[in-house]
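Heads up, the thing below is written out as structure tokens.
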Amino acid sequence: MSKRDLLLEIGTEEMPARFVAGAAAQLKEKVEKWLAAERIPYDAVVSYETPRRFAVHVSGLAEKQPDRNDEAKGPARKIAQDESGNWTKAAQGFARSNGVDVDQLYFKDVNGVEYVFARKSEAGKETRELLPALADVIAGMTFPKNMRWGAYELKYVRPIRWLVALFGEDVIEMEIAGVKAGRVTRGHRFLGSQEVTLTQPGEYAAKLAEQYVIVDPDERRRSIVEQIRRMERENGWRIPMDEGLLDEVVHLVEYPTALYGTFDEAFLSIPREVLVTSMREHQRYFPVEDENGHLLNHFVTVRNGDSRALDNVAKGNEKVLRARLSDARFFYEEDQKLSIESCLKRLETIVFHEELGTIGDKVRRVRDLAGRIAGRLELGEAEAARVDRIAEIAKFDLVTNMVGEFPELQGIMGEDYARKAGESEAVARGVFEHYLPRFAGDQLPQSAEGAAVSIADKLDTIVGCFSIGIVPTGSQDPYGLRRMAAGIVAILLDRGWKLPLDRLWDAALDIYAAQGVTKRDRDEVKKDLADFFALRLKNALQEEQIRYDVIDAVLSADIALVPDVLAKAKALMAAVQADDFKLTVEQFNRAGNLAQKAEDDAIDEAVFTEDAERALYKAYLSVREQVEGLDDQAAVLSTLSQLREPIQSFFDAVMVMADDQAVRRNRLALLLGISRLIGAYADFSKLVFA
């Protein structure tokens with residue numbers, strides 16, 4: 001079968017960097033799905049993107065669909081024909097639905113039963129006849145934000161300015177928003193030709209490279225990294241490259257050239273975080289360090305162009321950065337004139353949420369909740385005092401100039417300003433730590449005090465939102481509640497704190513109830529919270545490589561003590577590797593299945609009639625007593641496993657559903673007690689064995 005290459009390029013006005021990669025990936029996915037739906041074979045699909053375009057190159061695309069010769073199975077012969085051998089309406093409908101005459105139907109034996117079959121033959125269509133439909137694929141793309149232009153109804157990431165659509169050397173006829181497809185693309189806005197004519201798809205990347213456009217983002221990334229590493233070697237520097245910033249820069253340029261500039265050393269008196277944030281957020285610059293990791297008065301930027309007149313470019317960037325850093329220094333110096341107490345008073349005027357009060361209200365709630373957590377953890381008097389002070393001042397930096405300019409510096413500036421205001425090192429550090437973790441994989445609080453306030457702060461927001469009906473659904477989570485709950489779970493696991501989640505929810509709900517702002521039924525809120533935190537726990541267990549069935553088993557039991565949930569999962573992961581554990585689970589499940597028939601849980605030892613049920617009852621009491629004194633979840637599982645043989649002996653010797661109602665009720669009550677004891681650990685029926 002003959003093949004050609006296909007090229008689709010959508011040229012637009014300059015797109016935001018954060019949209020570029022997603023647009024190219026989406027186009028690739030949609031084209032692949034379309035080709036699969038149209039049954040057109042191909043060898044590979046590669047995507048390209050720059051700030052002004054996204055494209056796909058399909059190599060080895062067949063020039064024609066393969067012919068179809070399918071066999072369709074219909075009803076059985078006894079349904080397809082009547083006693084006289086005439087075709088029934090069922091057979092006629094089957095033939096009609098498959099586009100054949102009834103005299104083309106035939107029978108085949110399938111497992112001893114004859115069924116009617118039809119053979120459908122269809123000649124494949126020419127690919128070039130189908131390709132114009134790709135215009136709908138392109139127009140049907142979606143983006144985080146859209147624009148409309150002119151009188152066109154199409155909403156797109158940015159106005160479309162040119163289209164390239166080539167199948168081999170032929171142009172595919174299509175038009176989108178008044179732009180007809182052709183073979184002409186565009187070079188670099190300033191360095192390249194405004195019109196680059198393509199003969200066939202294979203020359204796309206090379207011809208654009210001649211016009212200062214590198215369409216492969218991975219190639220641009222490699223070029224940037226190589227140039228920056230060369231600077232490091234030549235100057236004896238270290239240039240840390242934030243991956244997020246690097247991704248953004250890659251999608252800001254079509255032809256990258258790295259250069260460096262210098263700023264006044266006096267600015268190094270400003271905290272490192274302020275300098276780095278100013279360079280990164282405002283100018284997309286990379287900071288420069290010496291070999292010991294100390295910040296230097298240099299920066300690295302990436303130009304969208306070649307190496308001509310780099311000195312002038314560097315001077316221009318230095319001038320802009322000087323103004324930015326002057327502002328930052330002014331903000332920093334002005335902030336130090338503020339007292340913590342004056343900042344706390346201003347929090348009373350800033351709304352946290354219109355239904356949950358001001359940030360001042362939140363501070364009081366967090367302070368109360370943090371105190372309760374400190375008490376449950378039995379922290380010493382000095383530690384508890386530090387927890388209280390951290391909770392009291394944790395939000396004061398929200399009203400500073402620096403955090404107003406750079407919200408991502410909240411906590412960072414709070415730590416610096418608290419230290420300068422004379423707070424202890426532990427309290428100053430706790431102000432920063434109470435925001436941790438800020439995202440998946442972020443560092444966790446290193447101090448008990450910071451961890452306690454972090455839990456209190458996140459819990460206050462989650463419970464408050466749930467209590468007024470703000471519950472994340474689908475992909476919607478505008479307040480970042482999933483991230484906060486995951487942070488609480490991560491802290492509890494990291495520190496091994498057995499703070500019962502249900503008690504924490506009750507404490508937060510009590511505080512909100514006292515404030516008089518709750519709108520929903522308490523039990524409903526707690527149920528939603530349990531489901532919400534169970535999903536966060538599930539994610540945490542998956543990260544620990546726990547099997548899906550083990551996760552289901554432990555999450556079906558009580559999840560209040562987060563460290564115990566993980567410990568149970570790890571114990572079960574080890575246990576399921578043992579050859580005889582399947583037998584243990586079978587007996588656990590056997591008891592659990594019959595326990596569902598129990599009417600009550602009152603066990604009367606005097607009603608027992610058989611030695612096997614007396615032995616099981618004795619084993620049950622012994623195991624229950626032992627388990628109550630155990631903290632090691634592997635030991636708990638091992639102790640519960642002692643019930644396997646007594647349960648098996650019980651079922652071998654005893655008829656549970658005895659005719660005597662009192663005996664039957666008592667035996668079921670025993671099984672119910674055993675089932676509850678086992679079920680408190682996990683739902684063993686969820687486990688899957690090969």
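As shown in the structure tokens, the chain order sets the letters A, B, ...; within each chain, residues go from 1, and ligands are also counted from 1 in the order they appear.
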Every residue of range 318-452 of chain A that DSSP places in alpha helix (DSSP H), as a PyMOL selection string: chain A and resi 318-335+340-346+359-376+381-393+401-405+412-420+425-433+448-452
Neighbour list for Asn292 in chain A as a count of residues only, cut-off 10 Å, only C-alpha atoms, skip fewer than 3 positions in-chain: 4
Surrounding residues of Gln587 in chain A excluding itself and chain neighbours under 2 positions, 9 Å, only C-alpha atoms, as a list in words: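 In the requested format, the answer is Lys582, Leu583, Thr584, Val585, Asn589, Arg590, Ala591, Gly592, Leu643, Arg644, Glu645, Ile647 and Gln648 of chain A.
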Shell around Ile373 in chain A at 10 Å using only C-alpha atoms, local window under 5 positions removed, as an mmCIF file with N, CA, C and O atoms, in the first residue's frame:
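Written out: result.cif:
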data_model
loop_
_atom_site.group_PDB
_atom_site.id
_atom_site.type_symbol
_atom_site.label_atom_id
_atom_site.label_comp_id
_atom_site.auth_asym_id
_atom_site.auth_seq_id
_atom_site.Cartn_x
_atom_site.Cartn_y
_atom_site.Cartn_z
ATOM 1 N N ARG A 367 -6.033 29.420 66.000
ATOM 2 C CA ARG A 367 -5.354 29.455 67.294
ATOM 3 C C ARG A 367 -6.029 28.503 68.284
ATOM 4 O O ARG A 367 -5.356 27.752 69.005
ATOM 5 N N ASP A 368 -7.362 28.523 68.290
ATOM 6 C CA ASP A 368 -8.125 27.621 69.159
ATOM 7 C C ASP A 368 -7.872 26.169 68.769
ATOM 8 O O ASP A 368 -7.568 25.313 69.621
ATOM 9 N N GLU A 378 -0.071 16.235 73.650
ATOM 10 C CA GLU A 378 0.602 16.335 74.942
ATOM 11 C C GLU A 378 1.966 17.008 74.816
ATOM 12 O O GLU A 378 2.967 16.539 75.363
ATOM 13 N N LEU A 379 1.986 18.118 74.054
ATOM 14 C CA LEU A 379 3.221 18.880 73.926
ATOM 15 C C LEU A 379 3.547 19.556 75.254
ATOM 16 O O LEU A 379 2.654 19.870 76.040
ATOM 17 N N ALA A 384 3.789 24.198 73.534
ATOM 18 C CA ALA A 384 2.407 24.657 73.386
ATOM 19 C C ALA A 384 2.348 26.179 73.256
ATOM 20 O O ALA A 384 1.548 26.720 72.484
ATOM 21 N N VAL A 387 3.343 27.037 69.754
ATOM 22 C CA VAL A 387 2.227 26.746 68.847
ATOM 23 C C VAL A 387 1.231 27.895 68.864
ATOM 24 O O VAL A 387 0.766 28.369 67.811
ATOM 25 N N ALA A 452 1.766 21.327 63.724
ATOM 26 C CA ALA A 452 0.480 21.452 64.415
ATOM 27 C C ALA A 452 -0.328 22.614 63.857
ATOM 28 O O ALA A 452 -1.537 22.493 63.609
ATOM 29 N N VAL A 453 0.312 23.748 63.639
ATOM 30 C CA VAL A 453 -0.403 24.913 63.116
ATOM 31 C C VAL A 453 -0.781 24.696 61.652
ATOM 32 O O VAL A 453 -1.843 25.129 61.200
ATOM 33 N N ILE A 455 -1.638 21.846 60.254
ATOM 34 C CA ILE A 455 -2.845 21.022 60.270
ATOM 35 C C ILE A 455 -4.050 21.867 60.652
ATOM 36 O O ILE A 455 -5.117 21.792 60.023
ATOM 37 N N ALA A 456 -3.899 22.694 61.677
ATOM 38 C CA ALA A 456 -5.017 23.517 62.147
ATOM 39 C C ALA A 456 -5.478 24.485 61.062
ATOM 40 O O ALA A 456 -6.691 24.652 60.836
ATOM 41 N N LEU A 499 -3.650 11.445 65.486
ATOM 42 C CA LEU A 499 -4.707 12.412 65.788
ATOM 43 C C LEU A 499 -5.961 11.942 65.055
ATOM 44 O O LEU A 499 -6.005 11.989 63.826
ATOM 45 N N ARG A 503 -12.174 13.315 65.424
ATOM 46 C CA ARG A 503 -12.078 14.246 66.555
ATOM 47 C C ARG A 503 -11.638 15.636 66.071
ATOM 48 O O ARG A 503 -12.088 16.653 66.594
ATOM 49 N N LEU A 504 -10.735 15.654 65.101
ATOM 50 C CA LEU A 504 -10.308 16.933 64.541
ATOM 51 C C LEU A 504 -11.476 17.638 63.859
ATOM 52 O O LEU A 504 -11.660 18.857 64.002
ATOM 53 N N ALA A 507 -13.741 19.042 66.488
ATOM 54 C CA ALA A 507 -13.179 20.240 67.119
ATOM 55 C C ALA A 507 -13.372 21.455 66.226
ATOM 56 O O ALA A 507 -13.794 22.532 66.692
#
Determine, counting only C-alpha atoms, which protein, DNA and RNA residues have an atom within 9 Å of an atom of Ala165 in chain A; residues of the same chain fewer than 2 positions away are not included. Present the result as a CSV table (one decimal) with N, CA and C atoms, in the first residue's frame.
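The new file out_32.csv reads:
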chain,number,residue,atom,x,y,z
A,6,LEU,N,1.7,13.5,6.1
A,6,LEU,CA,0.7,14.5,6.3
A,6,LEU,C,1.3,15.6,7.2
A,7,LEU,N,1.1,16.9,6.9
A,7,LEU,CA,1.5,18.0,7.7
A,7,LEU,C,0.3,18.9,8.0
A,8,LEU,N,0.0,19.2,9.2
A,8,LEU,CA,-1.0,20.2,9.6
A,8,LEU,C,-0.3,21.2,10.5
A,9,GLU,N,-0.4,22.5,10.1
A,9,GLU,CA,0.2,23.5,11.0
A,9,GLU,C,-0.9,24.6,11.1
A,10,ILE,N,-1.2,25.0,12.4
A,10,ILE,CA,-2.1,26.1,12.7
A,10,ILE,C,-1.2,27.3,13.1
A,163,LEU,N,-2.7,28.6,7.7
A,163,LEU,CA,-2.9,27.2,7.8
A,163,LEU,C,-2.0,26.5,6.8
A,167,PHE,N,-0.7,16.9,2.1
A,167,PHE,CA,-0.7,15.4,2.0
A,167,PHE,C,0.3,15.0,0.9
A,170,ASP,N,0.5,17.5,-2.2
A,170,ASP,CA,-0.8,18.1,-2.5
A,170,ASP,C,-1.3,18.9,-1.3
A,171,VAL,N,-1.9,20.0,-1.6
A,171,VAL,CA,-2.5,20.8,-0.6
A,171,VAL,C,-3.9,20.3,-0.3
A,172,ILE,N,-4.3,20.1,1.0
A,172,ILE,CA,-5.6,19.7,1.4
A,172,ILE,C,-6.5,20.9,1.4
A,173,GLU,N,-7.6,20.8,0.7
A,173,GLU,CA,-8.6,21.9,0.6
A,173,GLU,C,-9.4,22.0,1.9
A,174,MET,N,-9.1,23.1,2.6
A,174,MET,CA,-9.9,23.3,3.8
A,174,MET,C,-9.8,24.8,4.2
A,181,ALA,N,-6.2,26.9,3.7
A,181,ALA,CA,-5.0,26.1,3.9
A,181,ALA,C,-4.1,26.2,2.6
A,182,GLY,N,-2.8,26.1,2.9
A,182,GLY,CA,-1.9,26.2,1.7
A,182,GLY,C,-0.6,25.5,2.1
A,183,ARG,N,0.5,25.9,1.4
A,183,ARG,CA,1.8,25.3,1.7
A,183,ARG,C,2.8,26.3,2.2
A,201,PRO,N,5.8,17.6,3.4
A,201,PRO,CA,5.8,17.7,4.8
A,201,PRO,C,7.2,17.4,5.4
Nearest to Gly22 in chain A, chosen from A:Glu49, A:Glu71, A:Glu405, A:Glu334, with only C-alpha atoms counted in the distances: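 So, comparing all the options, the nearest one is A:Glu49.
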Distance in Å - CA of Lys498 in chain A versus CA of Leu630 in chain A: 14.0 Å
Nearest candidate to Arg346 in chain A (options A:Phe396, A:Ala391, A:Asp611, A:Asp327; using only C-alpha atoms):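 Of A:Phe396, A:Ala391, A:Asp611, A:Asp327, the one nearest Arg346 in chain A, counting only C-alpha atoms, is A:Phe396.
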Length of the CA of Thr197 in chain A to CA of Arg148 in chain A vector [Å]: 28.2 Å
Distance query Ala508 in chain A at most 9 Å, only C-alpha atoms, self and fewer than 5 positions along chain excluded, as a list in words: Arg365, Val366, Asp368, Leu369, Ala456, Leu459, Asp460, Val463, Gly464, Arg503 and Ala513 of chain A
